[in-house]
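Have a look at structure.cif; it's mmCIF, C-alpha atoms and all ligand atoms:
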```cif
data_upload
#
loop_
_atom_site.label_atom_id
_atom_site.label_comp_id
_atom_site.auth_asym_id
_atom_site.auth_seq_id
_atom_site.Cartn_x
_atom_site.Cartn_y
_atom_site.Cartn_z
CA MET A 272 0.00 0.00 0.00
CA LYS A 273 1.58 3.26 -1.17
CA ALA A 274 0.14 5.27 1.73
CA ALA A 275 1.87 3.01 4.28
CA LEU A 276 5.18 3.36 2.40
CA LEU A 277 4.90 7.15 2.36
CA LEU A 278 4.18 7.14 6.09
CA SER A 279 7.00 4.73 6.83
CA ARG A 280 9.50 7.12 5.24
CA ALA A 281 8.12 10.19 7.00
CA ALA A 282 9.57 11.81 10.11
CA ARG A 283 6.69 14.18 10.72
CA ALA A 284 3.01 13.72 10.03
CA VAL A 285 -0.17 15.72 10.35
CA VAL A 286 -3.69 14.31 10.31
CA PHE A 287 -6.27 16.84 9.11
CA THR A 288 -9.84 15.81 9.84
CA GLY A 289 -13.40 16.86 9.17
CA ALA A 290 -16.89 15.68 10.04
CA GLY A 291 -16.50 12.47 7.98
CA VAL A 292 -14.15 11.01 10.61
CA SER A 293 -17.01 11.09 13.13
CA ALA A 294 -19.69 9.86 10.69
CA GLU A 295 -19.20 6.25 11.78
CA SER A 296 -19.76 7.38 15.38
CA GLY A 297 -23.26 8.35 14.27
CA LEU A 298 -22.67 12.12 14.04
CA ALA A 299 -24.06 13.81 10.94
CA THR A 300 -21.68 15.58 8.56
CA PHE A 301 -22.57 19.11 7.40
CA ARG A 302 -23.12 18.86 3.67
CA GLY A 303 -25.12 16.51 1.50
CA ALA A 304 -28.25 14.48 2.19
CA GLY A 305 -29.03 14.24 5.90
CA GLY A 306 -26.29 16.79 6.63
CA LEU A 307 -26.55 19.26 9.51
CA TRP A 308 -26.88 22.19 7.13
CA GLU A 309 -29.76 20.52 5.30
CA GLY A 310 -32.17 20.94 8.19
CA HIS A 311 -30.83 24.32 9.34
CA ARG A 312 -30.07 27.61 7.70
CA VAL A 313 -26.48 28.42 8.68
CA GLU A 314 -27.45 32.07 9.17
CA GLU A 315 -30.01 31.00 11.80
CA VAL A 316 -27.76 28.86 13.96
CA ALA A 317 -24.07 29.44 13.23
CA THR A 318 -23.39 33.17 12.96
CA PRO A 319 -22.85 35.88 15.59
CA GLU A 320 -25.87 37.71 14.12
CA ALA A 321 -28.08 34.66 14.74
CA PHE A 322 -26.94 34.55 18.37
CA ALA A 323 -27.64 38.26 18.86
CA ARG A 324 -31.12 37.81 17.33
CA ASP A 325 -32.20 34.56 18.99
CA PRO A 326 -29.75 33.02 21.48
CA LEU A 327 -32.24 30.34 22.53
CA LEU A 328 -32.69 29.03 18.98
CA VAL A 329 -28.91 28.88 18.54
CA TRP A 330 -28.49 27.15 21.90
CA ARG A 331 -31.15 24.56 21.04
CA PHE A 332 -29.09 23.58 18.00
CA TYR A 333 -25.88 23.33 20.05
CA ALA A 334 -27.62 21.56 22.96
CA MET A 335 -28.77 18.93 20.44
CA ARG A 336 -25.23 18.57 19.08
CA ARG A 337 -23.79 18.32 22.62
CA GLU A 338 -26.30 15.60 23.46
CA GLN A 339 -25.47 13.62 20.30
CA ALA A 340 -21.71 14.05 20.76
CA LYS A 341 -21.86 13.00 24.40
CA LYS A 342 -23.68 9.78 23.48
CA ALA A 343 -21.30 9.04 20.61
CA GLU A 344 -18.19 6.90 21.04
CA PRO A 345 -14.88 7.24 19.20
CA ASN A 346 -14.88 4.89 16.21
CA PRO A 347 -12.04 2.79 14.73
CA ALA A 348 -10.85 5.81 12.70
CA HIS A 349 -10.35 8.00 15.80
CA LYS A 350 -8.64 5.07 17.52
CA ALA A 351 -6.31 4.41 14.57
CA ILE A 352 -5.31 8.09 14.56
CA ALA A 353 -4.53 7.88 18.28
CA GLN A 354 -2.46 4.75 17.57
CA LEU A 355 -0.52 6.60 14.86
CA GLU A 356 0.74 8.93 17.56
CA ARG A 357 2.71 6.01 19.01
CA LEU A 358 4.46 5.58 15.67
CA PHE A 359 4.94 9.34 15.18
CA PRO A 360 5.54 11.00 18.55
CA SER A 361 5.50 14.34 16.72
CA LEU A 362 2.05 13.67 15.18
CA VAL A 363 -0.35 16.60 15.24
CA VAL A 364 -4.08 16.19 14.68
CA VAL A 365 -5.56 19.32 13.14
CA THR A 366 -9.33 19.05 13.25
CA GLN A 367 -12.28 21.09 12.09
CA ASN A 368 -14.47 19.02 14.40
CA VAL A 369 -15.85 20.30 17.68
CA ASP A 370 -17.01 16.96 19.11
CA GLY A 371 -13.94 16.05 21.22
CA LEU A 372 -13.85 12.47 19.89
CA HIS A 373 -10.14 12.57 18.95
CA GLN A 374 -9.24 13.39 22.54
CA ARG A 375 -11.59 10.73 23.86
CA ALA A 376 -9.87 8.18 21.57
CA GLY A 377 -6.54 9.11 23.16
CA SER A 378 -4.96 11.62 20.76
CA GLN A 379 -2.75 13.96 22.80
CA ARG A 380 -1.94 16.78 20.39
CA VAL A 381 -5.22 17.99 18.91
CA LEU A 382 -5.56 21.46 17.44
CA GLU A 383 -9.23 22.40 17.25
CA LEU A 384 -9.50 24.98 14.47
CA HIS A 385 -13.23 25.54 14.95
CA GLY A 386 -13.37 25.44 18.75
CA SER A 387 -15.14 22.89 20.92
CA LEU A 388 -18.69 21.98 21.89
CA TRP A 389 -17.33 21.41 25.39
CA ARG A 390 -16.22 24.98 26.02
CA ILE A 391 -18.52 27.92 26.68
CA ARG A 392 -17.64 31.61 26.48
CA CYS A 393 -19.44 34.62 27.87
CA ALA A 394 -20.61 36.78 24.97
CA SER A 395 -20.34 39.86 27.24
CA CYS A 396 -17.15 39.54 29.32
CA GLY A 397 -15.35 36.87 27.27
CA ARG A 398 -14.71 34.50 30.19
CA GLU A 399 -14.32 30.97 28.80
CA LEU A 400 -14.65 27.66 30.64
CA GLY A 401 -14.93 23.95 29.99
CA ASP A 402 -18.46 22.64 30.51
CA ASP A 403 -19.57 19.15 29.53
CA ARG A 404 -22.88 19.05 31.35
CA VAL A 405 -25.68 17.54 29.25
CA PRO A 406 -28.24 18.94 29.54
CA LEU A 407 -27.15 22.37 30.71
CA PRO A 408 -29.24 23.57 33.68
CA GLU A 409 -30.63 26.55 31.74
CA LEU A 410 -30.71 27.72 28.15
CA PRO A 411 -29.21 30.07 27.25
CA PRO A 412 -26.68 29.63 30.07
CA ARG A 413 -25.62 32.73 31.99
CA CYS A 414 -22.14 33.80 33.04
CA ASP A 415 -21.45 33.47 36.79
CA ALA A 416 -19.04 36.39 36.64
CA CYS A 417 -21.12 39.06 34.87
CA GLY A 418 -24.60 37.62 34.27
CA GLY A 419 -24.30 37.91 30.46
CA TRP A 420 -25.38 35.25 27.97
CA GLN A 421 -22.85 32.52 27.37
CA ARG A 422 -22.26 31.09 23.91
CA PRO A 423 -20.64 27.92 22.60
CA ALA A 424 -16.89 28.49 22.12
CA VAL A 425 -17.06 27.42 18.49
CA VAL A 426 -16.15 29.39 15.39
CA TRP A 427 -19.17 30.72 13.55
CA PHE A 428 -19.36 31.88 9.95
CA GLY A 429 -17.83 35.32 9.63
CA GLU A 430 -15.60 34.85 12.70
CA PRO A 431 -11.83 34.45 12.71
CA LEU A 432 -10.20 31.17 13.70
CA PRO A 433 -8.36 31.12 17.06
CA GLU A 434 -5.11 32.72 15.98
CA ALA A 435 -2.55 30.88 18.13
CA ILE A 436 -4.07 27.50 17.24
CA PHE A 437 -4.13 28.33 13.53
CA ARG A 438 -0.47 29.43 13.64
CA GLU A 439 0.53 26.23 15.42
CA ALA A 440 -1.39 24.18 12.85
CA GLU A 441 0.27 26.10 10.03
CA ARG A 442 3.71 25.43 11.50
CA ALA A 443 2.96 21.70 11.80
CA CYS A 444 1.81 21.69 8.16
CA THR A 445 4.97 23.43 6.90
CA GLU A 446 7.11 20.83 8.72
CA ALA A 447 5.12 17.71 7.74
CA ASP A 448 6.45 15.06 5.38
CA VAL A 449 3.03 13.46 5.11
CA MET A 450 -0.48 14.75 5.69
CA LEU A 451 -3.49 12.49 6.00
CA VAL A 452 -6.65 14.35 4.99
CA VAL A 453 -9.61 12.48 6.39
CA GLY A 454 -13.35 13.02 6.01
CA THR A 455 -13.50 16.62 4.93
CA SER A 456 -15.13 18.24 1.90
CA GLY A 457 -12.29 20.78 1.92
CA VAL A 458 -14.52 23.71 1.06
CA VAL A 459 -14.31 25.76 4.25
CA TRP A 460 -11.50 28.28 4.45
CA PRO A 461 -9.05 29.12 5.93
CA ALA A 462 -8.96 25.55 7.35
CA ALA A 463 -8.78 23.92 3.90
CA GLY A 464 -5.87 26.18 2.99
CA LEU A 465 -3.69 24.25 5.45
CA VAL A 466 -3.66 21.31 3.05
CA GLU A 467 -2.32 23.61 0.33
CA VAL A 468 0.31 24.88 2.77
CA ALA A 469 1.43 21.33 3.58
CA ALA A 470 1.53 20.33 -0.09
CA ALA A 471 3.42 23.48 -1.07
CA CYS A 472 5.99 22.75 1.66
CA GLY A 473 6.60 19.25 0.32
CA ALA A 474 4.22 17.01 2.28
CA ALA A 475 2.76 14.04 0.44
CA ILE A 476 -1.02 14.26 0.80
CA ILE A 477 -3.02 11.10 1.42
CA GLU A 478 -6.77 11.55 1.20
CA VAL A 479 -9.18 9.17 2.93
CA ASN A 480 -12.72 9.85 1.78
CA PRO A 481 -15.33 7.71 0.00
CA GLU A 482 -15.81 10.71 -2.37
CA PRO A 483 -13.00 12.86 -3.76
CA SER A 484 -12.98 16.20 -1.91
CA ALA A 485 -12.27 19.67 -3.25
CA LEU A 486 -8.65 19.03 -2.16
CA ALA A 487 -8.29 15.76 -4.08
CA TYR A 488 -6.17 17.48 -6.75
CA LEU A 489 -3.41 17.83 -4.14
CA ALA A 490 -3.41 14.15 -3.18
CA ALA A 491 -0.54 11.81 -4.03
CA VAL A 492 -2.73 8.92 -2.90
CA GLN A 493 -6.49 8.64 -2.61
CA ILE A 494 -8.10 5.95 -0.50
CA PRO A 495 -11.78 5.93 -1.52
CA LYS A 496 -13.07 4.22 1.60
CA LYS A 497 -14.70 5.03 4.90
CA ALA A 498 -12.23 6.25 7.49
CA GLY A 499 -13.23 3.54 9.96
CA GLU A 500 -12.18 0.86 7.45
CA ALA A 501 -9.22 2.57 5.81
CA LEU A 502 -7.33 3.93 8.80
CA PRO A 503 -7.07 0.78 10.95
CA ALA A 504 -5.86 -1.10 7.83
CA LEU A 505 -3.32 1.64 7.12
CA VAL A 506 -1.95 1.59 10.67
CA GLU A 507 -1.73 -2.21 10.59
CA ARG A 508 0.17 -2.11 7.29
CA LEU A 509 2.48 0.58 8.61
CA GLU A 510 3.29 -1.51 11.68
CA GLU A 511 4.09 -4.47 9.36
CA VAL A 512 6.36 -2.33 7.17
CA GLN A 513 8.16 -0.92 10.20
CA GLY A 514 8.38 -4.38 11.82
CA ALA A 515 9.94 -5.80 8.65
CA ARG A 516 12.62 -3.12 8.75
CA ALA A 517 13.44 -3.50 12.44
P1 LIG B 601 -18.54 18.23 5.33
O1 LIG B 601 -19.91 17.80 5.73
O2 LIG B 601 -18.44 19.42 4.45
O3 LIG B 601 -17.79 17.02 4.61
C1 LIG B 601 -17.75 15.74 5.15
C2 LIG B 601 -16.87 14.87 4.28
O4 LIG B 601 -16.74 13.60 4.89
C3 LIG B 601 -17.38 14.63 2.86
O5 LIG B 601 -16.33 14.87 1.93
C4 LIG B 601 -17.79 13.14 2.86
O6 LIG B 601 -17.56 12.52 1.59
C5 LIG B 601 -16.83 12.59 3.90
N1 LIG B 601 -17.28 11.38 4.59
C6 LIG B 601 -18.53 10.99 4.91
N2 LIG B 601 -18.52 9.82 5.58
C7 LIG B 601 -17.21 9.46 5.71
C8 LIG B 601 -16.53 8.36 6.32
N3 LIG B 601 -17.20 7.38 6.94
N4 LIG B 601 -15.17 8.33 6.24
C9 LIG B 601 -14.48 9.32 5.61
N5 LIG B 601 -15.07 10.37 5.03
C10 LIG B 601 -16.43 10.45 5.07
O7 LIG B 601 -17.70 18.41 6.69
P2 LIG B 601 -16.36 19.25 6.92
O8 LIG B 601 -15.44 19.11 5.76
O9 LIG B 601 -15.85 18.85 8.26
O10 LIG B 601 -17.47 24.58 10.14
O11 LIG B 601 -16.90 20.71 6.99
C11 LIG B 601 -15.99 21.73 7.26
C12 LIG B 601 -16.63 22.79 8.12
O12 LIG B 601 -17.86 23.21 7.53
C13 LIG B 601 -17.04 22.33 9.50
O13 LIG B 601 -15.97 22.37 10.45
C14 LIG B 601 -18.11 23.32 9.87
C15 LIG B 601 -18.88 23.32 8.56
O14 LIG B 601 -19.63 24.42 8.28
C16 LIG B 601 -18.04 25.46 10.97
O15 LIG B 601 -19.12 25.26 11.51
C17 LIG B 601 -17.22 26.70 11.18
#
```
Taking this structure as input, can you express it in the form of structure tokens?
Amino acid sequence: MKAALLLSRAARAVVFTGAGVSAESGLATFRGAGGLWEGHRVEEVATPEAFARDPLLVWRFYAMRREQAKKAEPNPAHKAIAQLERLFPSLVVVTQNVDGLHQRAGSQRVLELHGSLWRIRCASCGRELGDDRVPLPELPPRCDACGGWQRPAVVWFGEPLPEAIFREAERACTEADVMLVVGTSGVVWPAAGLVEVAAACGAAIIEVNPEPSALAYLAAVQIPKKAGEALPALVERLEEVQGARA
């Protein structure tokens, strides 16, 4: 398998993930039939304007996602990515997901480009805390410090990505020899631009997606399978290749 050979020759690797990596945990992706954006207008649930207009409606959407994510379990793809970290101690997972499943699978270095469902920030005073209570005692939740409305600490459309995290992700991409791009449509920027950065800096791109994404043109190898099938097989093959060399 060419992907395993590329990985076996690499010193540094980045795994870049999107909603598709959590699909086999039962969490809906965003685009396409049955996608999260099919039932919701983005402008009604995922913009700062929507929150200013109707914080309860926005919170109902995020309360539903928190409930689903809490019930979900990491799948074999998340677990294989966590296993890869043993083979690449420098491995960085750069994710657009907010569900926390990479961390629950055991990945240690996870850069969350779009924030987390499990953090809440006061829209008035900016105080941010971890909060994994499901359900929350009141919606919208209120800040203990100032009494203002709290919001999910996720990135909404029209908002910038957390700068320090984006810079760290960019640095990992410039240094990577291989980048696995898993379960993303690759249409949301600036996140998708990180794959271009990695490719431009010499990383071999391996795409794992049943459908070619908008980033497929950058891929040296495409694995047209579900992540939960492809990634455990890839890690197993990599361990064989490395074992044969030892
Ligand atoms: P999308 O819903 O745009 O794309 C999901 C991708 O996963 C598609 O390319 C599917 O083909 C693929 N896919 C589905 N099942 C899969 C499986 N079992 N294994 C592997 N791949 C599978 O989701 P994202 O690319 O994550 O941003 O979307 C990017 C951003 O757009 C999200 O972070 C979110 C959204 O709007 C914000 O909310 C800021």
Counting all atoms listed in the file, which residues of chain A fall within 7 Å of ligand LIG 601 (chain B), and what is the closest atom pair for each with its distance in Å at one decimal, ordered by chain and rising number, as CSV?
```
residue,atom,partner,partner_atom,distance
A:Thr288,CA,B:LIG601,O9,6.9
A:Gly289,CA,B:LIG601,O9,3.3
A:Ala290,CA,B:LIG601,O9,3.8
A:Gly291,CA,B:LIG601,O4,3.3
A:Val292,CA,B:LIG601,N4,5.2
A:Ala294,CA,B:LIG601,N3,5.1
A:Glu295,CA,B:LIG601,N3,5.4
A:Thr300,CA,B:LIG601,O1,4.0
A:Phe301,CA,B:LIG601,O1,3.4
A:Arg302,CA,B:LIG601,O1,4.0
A:Gly303,CA,B:LIG601,O1,6.8
A:Gly306,CA,B:LIG601,O1,6.5
A:Ala317,CA,B:LIG601,O15,6.7
A:Gln367,CA,B:LIG601,O13,4.2
A:Asn368,CA,B:LIG601,O13,5.4
A:His385,CA,B:LIG601,C17,5.6
A:Val426,CA,B:LIG601,C17,5.1
A:Trp427,CA,B:LIG601,C17,5.1
A:Phe428,CA,B:LIG601,C17,5.7
A:Val453,CA,B:LIG601,C9,5.9
A:Gly454,CA,B:LIG601,N5,3.3
A:Thr455,CA,B:LIG601,O8,3.3
A:Ser456,CA,B:LIG601,O5,3.6
A:Gly457,CA,B:LIG601,O8,5.2
A:Val458,CA,B:LIG601,O8,6.6
A:Val459,CA,B:LIG601,C11,5.3
A:Val479,CA,B:LIG601,C9,5.9
A:Asn480,CA,B:LIG601,N5,4.0
A:Pro481,CA,B:LIG601,O6,5.5
A:Glu482,CA,B:LIG601,O6,4.7
A:Pro483,CA,B:LIG601,O5,6.9
A:Ser484,CA,B:LIG601,O5,5.3
A:Lys496,CA,B:LIG601,N4,6.5
A:Lys497,CA,B:LIG601,N4,3.6
A:Ala498,CA,B:LIG601,N4,3.8
A:Gly499,CA,B:LIG601,N3,6.3
```
Residue nearest Glu338 of chain A - candidates A:Cys444, A:Ala517, A:Leu502, A:Val405, atoms counted: all atoms listed in the file
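Counting all atoms listed in the file, the residue closest to Glu338 of chain A is A:Val405.
Every polymer residue reaching to within 9 Å of (-4.8, 27.1, 17.1), counting all atoms listed in the file, appears in this list: Val365, Leu382, Glu383, Leu384, His385, Gly386, Leu432, Pro433, Glu434, Ala435, Ile436, Phe437, Arg438, Glu439, Ala440 and Glu441 of chain A.
Closest approach to Arg508 of chain A from the set A:Pro461, A:Asp402, A:Leu277, A:Val364 is made by A:Leu277, with distances taken over only C-alpha atoms.
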Please compute the atom CA of His349 of chain A-atom CA of Leu372 of chain A distance, one decimal, in Å.
7.0 Å
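The two atoms in question, atom CA of Glu430 of chain A and atom CA of Pro319 of chain A, are spaced 7.9 Å apart.
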For Glu314 of chain A, the nearest of the candidates A:Leu278, A:Gly429, A:Pro406, A:Val506, counting all atoms listed in the file:
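Going through A:Leu278, A:Gly429, A:Pro406, A:Val506 one by one, the smallest distance to Glu314 of chain A is for A:Gly429.
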Neighbour list for Ala491 of chain A as an NGL selection string, cut-off 7 Å, only C-alpha atoms, skip fewer than 2 positions in-chain:
:A and (475-477 or 489 or 493)
If I take atom CA of Glu446 of chain A and atom CA of Val286 of chain A, how far is one from the other in Å, to one decimal?
12.7 Å
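Distance annotation: of A:Pro411, A:Gly297, A:Gly401, A:Pro360, the residue with the minimal separation from Arg331 of chain A is A:Pro411; atom set is all atoms listed in the file.
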List as a PyMOL selection string the protein and nucleic acid residues near Ala343 of chain A, meaning an atom at most 7 Å away when all atoms listed in the file are counted, but skip any in the same chain fewer than 3 places from it.
chain A and resi 296-297+339-340
Could you turn the residues from that selection into a file that holds C-alpha atoms, as a PDB file, in the frame of the given file?
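Produced file out-v3.pdb, reproduced below:
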```pdb
ATOM      1  CA  SER A 296     -19.760   7.380  15.380  1.00  0.00           C
ATOM      2  CA  GLY A 297     -23.260   8.350  14.270  1.00  0.00           C
ATOM      3  CA  GLN A 339     -25.470  13.620  20.300  1.00  0.00           C
ATOM      4  CA  ALA A 340     -21.710  14.050  20.760  1.00  0.00           C
TER       5      ALA A 340
END
```
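With distances restricted to only C-alpha atoms, A:Met450 is the closest residue to Ala281 of chain A from A:Leu388, A:Ala515, A:Met450, A:Leu486.
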From the set A:Ser361, A:Ile352, A:Ala443, A:Tyr333, which residue has the shortest atom-to-atom contact distance to Trp389 of chain A, counting all atoms listed in the file?
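Result for the nearest residue to Trp389 of chain A: A:Tyr333.
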Step by step: start from the point (-19.2, 25.1, 25.4) in the file's coordinates, keep every protein, DNA or RNA residue that has an atom no farther than 10 Å from it, count only C-alpha atoms, and write the set as a count of residues only.
25
Got a sec: who's within 8 Å of His373 of chain A, counting only C-alpha atoms, leaving out chain neighbours fewer than 2 positions off, as a PyMOL selection string?
chain A and resi 345+349-350+352-353+371+375-378+381
Could you give me segment 424-437 of chain A completed to N, CA and C atoms, formatted as a short mmCIF file (atom, residue, chain, number, x, y, z; two decimals), in the frame of the given file?
```
data_model
loop_
_atom_site.label_atom_id
_atom_site.label_comp_id
_atom_site.auth_asym_id
_atom_site.auth_seq_id
_atom_site.Cartn_x
_atom_site.Cartn_y
_atom_site.Cartn_z
N ALA A 424 -18.19 27.98 22.58
CA ALA A 424 -16.89 28.49 22.12
C ALA A 424 -16.49 27.77 20.83
N VAL A 425 -17.34 27.96 19.82
CA VAL A 425 -17.06 27.42 18.49
C VAL A 425 -16.94 28.60 17.53
N VAL A 426 -16.31 28.33 16.38
CA VAL A 426 -16.15 29.39 15.39
C VAL A 426 -17.39 29.41 14.51
N TRP A 427 -18.01 30.57 14.42
CA TRP A 427 -19.17 30.72 13.55
C TRP A 427 -18.76 31.38 12.23
N PHE A 428 -19.64 31.27 11.25
CA PHE A 428 -19.36 31.88 9.95
C PHE A 428 -19.17 33.38 10.15
N GLY A 429 -18.13 33.89 9.51
CA GLY A 429 -17.83 35.32 9.63
C GLY A 429 -16.88 35.62 10.77
N GLU A 430 -16.52 34.61 11.57
CA GLU A 430 -15.60 34.85 12.70
C GLU A 430 -14.21 34.32 12.35
N PRO A 431 -13.19 34.95 12.96
CA PRO A 431 -11.83 34.45 12.71
C PRO A 431 -11.57 33.15 13.47
N LEU A 432 -10.62 32.36 12.97
CA LEU A 432 -10.20 31.17 13.70
C LEU A 432 -9.32 31.59 14.86
N PRO A 433 -9.25 30.77 15.94
CA PRO A 433 -8.36 31.12 17.06
C PRO A 433 -6.93 31.23 16.53
N GLU A 434 -6.34 32.41 16.71
CA GLU A 434 -5.11 32.72 15.98
C GLU A 434 -3.93 31.83 16.38
N ALA A 435 -3.72 31.66 17.69
CA ALA A 435 -2.55 30.88 18.13
C ALA A 435 -2.67 29.43 17.65
N ILE A 436 -3.87 28.90 17.67
CA ILE A 436 -4.07 27.50 17.24
C ILE A 436 -3.83 27.38 15.74
N PHE A 437 -4.34 28.37 14.98
CA PHE A 437 -4.13 28.33 13.53
C PHE A 437 -2.65 28.41 13.19
#
```
